[in-house]
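Data first, discussion second: the structure below is written as structure tokens.
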2 protein chains.
Amino acid sequence: MRSSLKSGWSRRVGVSTVAALMFAAGETAAPANADEGMWLLSSPPTQQIKARYGIEVTPEFILHAQRASVDIGASGSFVSKRGLVMTNHHVASDAIQKLSTPERDLIKNGFFARTLAEELPCADTEVTILMSIRDVTAEVNAPAAGREAAQARRANITAIEDSEKTKTGLDARVVTLYGGGQYHLYTFKRFTDVRLVFAPEVQAAYFGGDTDNFEFPRYCLDAAFMRVYENGKPYEPEHFLKFSKEGVKDGETIFVFGHPGRTQRLLTLDDLRQVRDHELPQRLATIWRMESKLREFMGKSPENARVAGDDFLGWTNSRKALTGELAGLLDPAVWKTKMAENAAVFNTGTPKAAAAREAAESLAGVRDRVREISPRSSTLGRGIPGELGSRALRMVLREGQLALSPGERLPEFSPSAIAQTDYGILAPVPIYPAFEEAQLEWWFSLLTERLGGEDPLVQQIMDGASPRELAQRVVRGTALASVDARKAMMESASSKAVPTTVDPMIALARRVAPEYLRLRRINEGEIGGKRAEAYAKIADARFEALGTSVYPDATGTLRMSYGAVEGVKSDTPPTPAFTTIAGLYDLAQRRADSREYAVAKSWMDAKDSLVLQTPFNFICTADIIGGNSGSPVINAKGEVVGLIFDGNIDSLAGAFVYDQARNRAVAVDSRAIVEALRKVYDASVLADELMAP
Amino acid sequence: MRSSLKSGWSRRVGVSTVAALMFAAGETAAPANADEGMWLLSSPPTQQIKARYGIEVTPEFILHAQRASVDIGASGSFVSKRGLVMTNHHVASDAIQKLSTPERDLIKNGFFARTLAEELPCADTEVTILMSIRDVTAEVNAPAAGREAAQARRANITAIEDSEKTKTGLDARVVTLYGGGQYHLYTFKRFTDVRLVFAPEVQAAYFGGDTDNFEFPRYCLDAAFMRVYENGKPYEPEHFLKFSKEGVKDGETIFVFGHPGRTQRLLTLDDLRQVRDHELPQRLATIWRMESKLREFMGKSPENARVAGDDFLGWTNSRKALTGELAGLLDPAVWKTKMAENAAVFNTGTPKAAAAREAAESLAGVRDRVREISPRSSTLGRGIPGELGSRALRMVLREGQLALSPGERLPEFSPSAIAQTDYGILAPVPIYPAFEEAQLEWWFSLLTERLGGEDPLVQQIMDGASPRELAQRVVRGTALASVDARKAMMESASSKAVPTTVDPMIALARRVAPEYLRLRRINEGEIGGKRAEAYAKIADARFEALGTSVYPDATGTLRMSYGAVEGVKSDTPPTPAFTTIAGLYDLAQRRADSREYAVAKSWMDAKDSLVLQTPFNFICTADIIGGNSGSPVINAKGEVVGLIFDGNIDSLAGAFVYDQARNRAVAVDSRAIVEALRKVYDASVLADELMAP
């Protein structure tokens with residue numbers, strides 16, 4: 001699964017800062033025998049694992065997995081001593097798409113670099129390793145003279161990050177946990193030279209398409225390999241994961257390390273109602289609209305289909321994920337669980353529980369505020385869509401932000417983050433004018449659909465033009481498609497020359513920027529601040545009631561999950577844990593009516609040489625969610641046995657509640673990866689690198 | 001094009017009563033040389049036609065075309081002396097779908113009855129001929145003791161209809177014109193024995209699919225033939241249209257008779273803003289959602305795709321139509337025109353103009369009310385979706401409605417309409433439980449998405465179940481799939497036995513009915529009444545300013561349009577008026593990437609025998625809109641030269657303004673119909689019937 005989180009308009013698999021700030025806290029009432037939890041590596045569930053599986057998880061095991069894991073938009077891991085990174089095809093697909101051209105469609109046809117020289121540098125792919133974790137809660141919460149609490153925290157966070165970056169040279173980020181109950185400082189080693197090594201054709205990676213997404217049984221080679229370079233040479237990681245020789249068995253204990261994006265397991269009941277009645281319907285409305293718009297655009301030509309195809313898969317994936325989440329919140333059984341969990345925290349009768357109740361009640365105003373600004377948040381608050389528009393907006397913001405003191409800036413313009421932001425602005429991504437125009441036209445129309453045509457800002461933005469006219473004017477008139485032009489503008493901005501620029505895309509961004517900034521301030525400052533304060537009190541009550549060994553909601557940062565390879569016994573008939581390669585061909589034959597189930601030509605050609613009984617995909621009980629895509633599944637020896645790429649349909653309600661009986665993570669079996677590399681893709685050199693002793 | 005109107009949830013091509021009541025009035029400022037207008041047959045634009053084309057349109061010509069035209073959900077016409085009716089495939093497709101089974105997919109494969117005996121009776125297709133037209137404005141507006149004006153009008157209308165039906169035996173309906181400026185009594189001869197004679201495979205009818213919908217050039221055989229029976233024998237109509245032997249030429253004058261569903265050309269500017277900012281966005285939101293849901297459902301199996309396919313095409317058609325309408329209202333050029341038109345009516349300085357302005361201002365409260373109830377109107381106000389749910393609701397309503405005096409009932413339960421309503425309830429339409437369940441599950445979820453999960457009525461409707469659980473419970477538990485069961489329940493209802501029924505679908509309908517009824521009363525009584533009164537005054541001012549020879553906005557009733565076969569000269573390069581059969585094969589070759597552009601096998605097989613230079617589709621300037629689908633295009637001799645099936649993309653803003661330069665109606669050339677019948681479908685017997693002297 002892709003993460004259903006979207007940062008602004010661009011389809012990203014990672015988690016946005018806003019979302020990370022917005023959500024909350026701790027876990028209750030997990031049955032002692034459940035494989036529940038996305039655990040902090042700084043507080044691993046060693047006792048639970050020992051009790052449940054008899055396995056001793058050592059600090060060395062965890063540090064090894066931590067340093068071998070990478071954030072690559074979603075999840076990934078080093079799997080060779082020469083910097084090879086394994087992730088999902090659908091995580092790498094943004095990079096693969098950007099490496100494609102009409103003549104060389106790597107999404108459609110796949111890619112394999114037989115030699116280092118053939119590896120393709122990605123336009124804007126970044127990889128980070130989590131190097132260290134430190135609790136900085138007290139420092140973040142320290143009052144700052146002349147600032148109210150939320151501003152003080154923001155300023156403290158910036159100062160902590162800055163100082164750490166200066167000291168260590170590493171990227172530093174303070175992560176909000178338990179919705180404001182704790183703050184941890186994470187440092188990262190960051191790489192920007194990332195090259196594509198191997199990707200299958202999308203038909204093999206995404207066999208079964210939207211219909212089978214979030215389902216099991218599955219038959220997908222949703223895997224890709226990239227290589228991280230440093231100073232022009234393959235990076236040699238201190239830690240990497242070896243592939244298992246034997247693979248995994250039904251019932252075997254496994255571990256998953258990855259970057260779950262967002263769960264909302266411990267929202268108050270009223271906040272959860274707002275998710276059900278407002279947030280999810282509103283997000284789905286945006287998604288359904290985009291899905292329809294993109295499909296119409298893609299129908300017009302093969303080139304349109306190529307250019308927008310990866311975005312389209314991202315949106316349909318989000319649609320299916322959020323549909324499942326909403327279905328979960330419409331299930332009275334889920335509410336029963338949530339009510340019991342809440343009662344355990346709020347009804348203990350202690351002073352902390354009383355304070356938590358009061359804090360929970362104080363959130364009513366926050367919810368009103370969220371709904372009130374929702375038409376603006378969901379349009380102008382997401383910035384301008386497209387490669388050009390999003391960059392223009394960042395460039396316009398940048399110039400105002402750099403004039404502020406570090407503590408007052410948006411997080412991405414803080415001293416510790418500005419290099420990464422600039423890297424994104426200047427990345428040589430391909431620009432497709434027709435697609436840029438279409439996205440802007442849809443967005444301009446959306447402004448009226450949500451805010452009304454009489455809205456003064458909408459009128460100002462539209463500047464007397466129709467959506468199509470304005471989209472054409474700004475795309476055809478801008479120089480921003482050129483990296484050199486972007487660089488020149490940024491340099492002249494430093495010398496205060498940008499304000500006079502008449503580039504029409506920049507002019508558009510100037511009309512949008514003030515409201516965008518205002519909405520960010522409201523969401524991250526006012527709303528985020530009040531939430532953090534309330535949830536900090538709720539977290540106190542939770543720790544008091546349930547002990548401190550509880551995991552925080554997912555925040556897009558590195559976590560560990562554990563469990564076992566296990567089918568779903570409550571299905572009729574029971575769903576087995578494994579599929580085999582043979583099943584791919586069987587299903588394709590049964591669904592010959594559908595293009596989604598067409599077997600890729602390479603797999604048809606290789607059928608006779610494949611060991612058809614090779615396990616292809618499997619399911620396990622590890623507790624994961626969107627953002628975990630690309631996570632390695634490792635055995636107790638720390639060897640790779642699989643590659644998470646999805647959750648089953650019952651995992652979607654996992655955003656709110658974990659169901660041991662039905663919630664399953666879906667993985668590619670490591671043996672299928674090796675079998676396919678050797679027999680389908682003639683890529684034994686890569687298989688050998690994975691299997692190197 | 002299909003009409004983008006939907007009556008409740010079922011995809012219907014016709015126009016709903018509500019919509020017909022809701023919209024408005026007259027036409028202004030049409031340039032003297034424009035082919036604008038959807039004219040009442042009781043006030044045909046004979047002078048304009050004479051002036052523009054030198055053709056004398058006689059009362060005989062019009063009566064002939066009127067009686068040869070039929071309402072078949074959208075438009076159609078008698079084209080043989082043995083009751084053969086020509087319409088579009090996409091108009092007949094609902095009937096074709098209902099005649100299909102998994103083993104006999106007539107949508108996919110097409111159908112041809114070589115003999116009368118092979119013709120297939122349609123489950124619920126009705127055909128009506130408009131027999132007479134009489135102005136009853138004074139009778140409708142007569143005050144009634146003890147009733148306020150809107151109620152009095154409703155009661156008067158029912159009494160007029162009743163009395164006419166008693167007198168003539170014909171169906172009678174009072175049609176609201178000019179938004180309340182005039183009321184006309186129409187009588188109809190109605191037929192319910194309608195049989196399918198010929199339908200091509202959907203791939204030939206809808207070549208180019210969604211991508212080419214509302215576009216030109218086109219290559220579609222969007223035609224079907226049905227036969228009307230009376231007393232078990234082919235009906236012999238007094239009037240029918242003969243096919244032209246020569247066909248039509250570029251520049252030739254043509255006439256179109258059909259049932260345009262709805263235009264909004266003369267709303268006040270503020271009402272038009274509400275269409276732009278509220279009505280269209282809200283309707284599109286529903287459509288995008290349905291499109292996504294249906295696609296997901298259809299992906300699951302070939303049978304799902306078959307069962308939901310025709311509905312899906314209806315929704316995607318609506319999406320494209322309304323997207324075009326919204327784009328029109330986001331175009332400042334359109335507003336310029338609308339402002340000038342409004343000024344010509346409201347700014348004349350006469351007492352009538354002053355009254356009209358006051359009336360227009362009074363509509364602000366109506367708009368507020370519409371927005372206020374919109375979440376409920378767009379969900380509960382549309383009734384229960386699906387064949388079972390919609391029937392259950394009608395059955396529950398029926399029992400309460402029949403207890404009321406005729407003037408107080410909903411229009412479909414008035415004495416003149418009840419037979420038709422009962423016919424619909426008892427029609428032996430196929431029921432697909434999986435599709436019924438899916439539609440209900442989506443609707444139950446929609447209730448929460450729009451009204452919130454805490455809404456007391458939503459909670460009452462959901463009865464403690466999740467959407468999926470409740471959908472399964474009511475579909476699996478109901479007896480309504482059986483026509484006999486429906487009949488028995490309706491009979492026991494007459495004897496007051498229904499209230500004790502525990503059929504779960506009926507129980508659901510009982511929970512929904514009161515709110516549905518309340519919303520209908522608000523929309524048709526309160527809102528419709530206030531609108532009718534205001535627009536009656538605006539119509540007065542319009543007549544004063546522009547004379548009485550103006551056409552009313554479309555209301556789904558029979559109208560005539562005129563114009564010429566004409567390409568679009570302002571395109572670069574200019575778009576010619578005709579395509580040829582050769583173009584079909586050329587385009588298919590260019591778009592080999594897309595299934596939408598696959599040539600049907602029958603056409604591939606017949607390619608060598610076809611005269612490839614036969615004109616296939618053409619465009620003309622006749623002013624049409626959704627609902628005109630299936631309209632005959634006739635020449636000055638009253639012969640069929642084409643069959644309207646679509647408008648071009650620029651025709652969509654035609655909902656608000658006619659643009660002579662770019663607005664075009666798209667038709668199948670009659671010569672292509674005959675050529676295809678003879679050479680592709682081995683249906684010369686049908687071609688001979690059409691060409692009979």
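Note on naming: chains are A, B, ... as they come in the structure tokens, residues start from 1 per chain, ligands start from 1 in the order shown.
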For chain B, list the residues within 6 Å of chain A, counting only C-alpha atoms, and write the list as a CSV table (one decimal) with C-alpha atoms, in the first residue's frame.
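Result file follows (part.csv):
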```csv
chain,number,residue,atom,x,y,z
B,211,THR,CA,-13.0,10.2,-24.1
B,277,ASP,CA,-21.2,27.8,-6.6
B,281,PRO,CA,-20.4,21.3,-7.4
B,288,TRP,CA,-17.5,11.6,-8.9
B,289,ARG,CA,-18.3,9.4,-5.9
B,299,GLY,CA,-13.6,-4.5,-11.4
B,330,LEU,CA,-16.5,29.7,-14.9
B,331,ASP,CA,-16.0,31.6,-18.1
B,449,GLU,CA,-20.7,11.5,4.9
B,452,GLY,CA,-22.9,13.0,10.1
B,466,SER,CA,-22.8,-1.0,9.7
```
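Residues in contact with B:Gln47 at 10 Å, where only C-alpha atoms are counted and same-chain residues fewer than 6 positions away are skipped, are listed as Tyr53, Gly54, Ile55, Glu56 and Val57 of chain B.
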So which bits of stretch 133-216 of chain B end up helix (DSSP H, G or I) when you DSSP the backbone, as an MDAnalysis selection string? chainID B and resid 137:141 149:168 178:180 202:205 209:212
For the selection you just gave me, I'd like the residues written to a file as a compact mmCIF listing (two decimals), in the first residue's frame, keeping C-alpha atoms.
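Final output, saved to selection11.txt:
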```txt
# COMPACT_ATOMS: atom_id res chain seq x y z
CA THR B 137 -52.53 29.34 -17.31
CA ALA B 138 -55.66 31.11 -16.09
CA GLU B 139 -57.20 27.90 -14.73
CA VAL B 140 -54.00 26.95 -12.90
CA ASN B 141 -53.65 30.38 -11.31
CA ALA B 149 -51.31 30.02 -3.81
CA ALA B 150 -48.86 27.17 -4.35
CA GLN B 151 -51.28 24.63 -2.89
CA ALA B 152 -54.08 26.04 -4.98
CA ARG B 153 -52.02 25.70 -8.15
CA ARG B 154 -51.15 22.13 -7.26
CA ALA B 155 -54.81 21.30 -6.64
CA ASN B 156 -55.93 23.07 -9.83
CA ILE B 157 -53.32 21.22 -11.86
CA THR B 158 -54.48 17.88 -10.49
CA ALA B 159 -58.09 18.74 -11.21
CA ILE B 160 -57.30 19.84 -14.76
CA GLU B 161 -55.30 16.69 -15.43
CA ASP B 162 -57.97 14.46 -13.93
CA SER B 163 -60.78 15.99 -15.82
CA GLU B 164 -58.87 15.76 -19.11
CA LYS B 165 -58.01 12.13 -18.50
CA THR B 166 -61.62 11.31 -17.73
CA LYS B 167 -62.80 13.14 -20.82
CA THR B 168 -60.26 11.85 -23.34
CA TYR B 178 -41.28 30.15 -18.34
CA GLY B 179 -40.68 29.04 -14.73
CA GLY B 180 -44.32 29.78 -13.89
CA VAL B 202 -21.98 -1.09 -27.37
CA GLN B 203 -18.50 -0.90 -28.85
CA ALA B 204 -20.01 0.27 -32.16
CA ALA B 205 -22.59 2.52 -30.52
CA GLY B 209 -16.12 5.96 -25.09
CA ASP B 210 -15.97 8.57 -22.39
CA THR B 211 -13.00 10.22 -24.07
CA ASP B 212 -14.94 11.07 -27.23
```
Expressed in Å to a single decimal, how great is the separation between atom CA of B:Met226 and atom CA of B:Leu196? 4.5 Å
With only C-alpha atoms as the counted atoms, please give the residues lying no more than 9 Å from stretch 74-83 of chain A, apart from itself and same-chain residues fewer than 3 positions off, as a ChimeraX atom specification. /A:2-3,12-15,65,67-71,86-88,91,127,226-229,234-243,257-261,556,558,626-632,640,643,689-692
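Between B:Ala353 and the residues B:Arg306, B:His90, B:Arg542, B:Arg218, the shortest atom-to-atom distance, using only C-alpha atoms, involves B:Arg542.
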I'd like to know which residues of stretch 161-262 of chain A are strand (DSSP E) (by DSSP, run on the backbone); could you write them as number ranges by chain? A: 171-177, 182-191, 193-199, 224-230, 233-234, 253-258
Would you mind listing what lies within 12 Å of B:Arg195 as a count of residues only, with only C-alpha atoms counted and same-chain residues fewer than 3 positions away left out? 39
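As for atom CA of B:Ile644 and atom CA of B:Gln660, they are spaced 17.6 Å apart.
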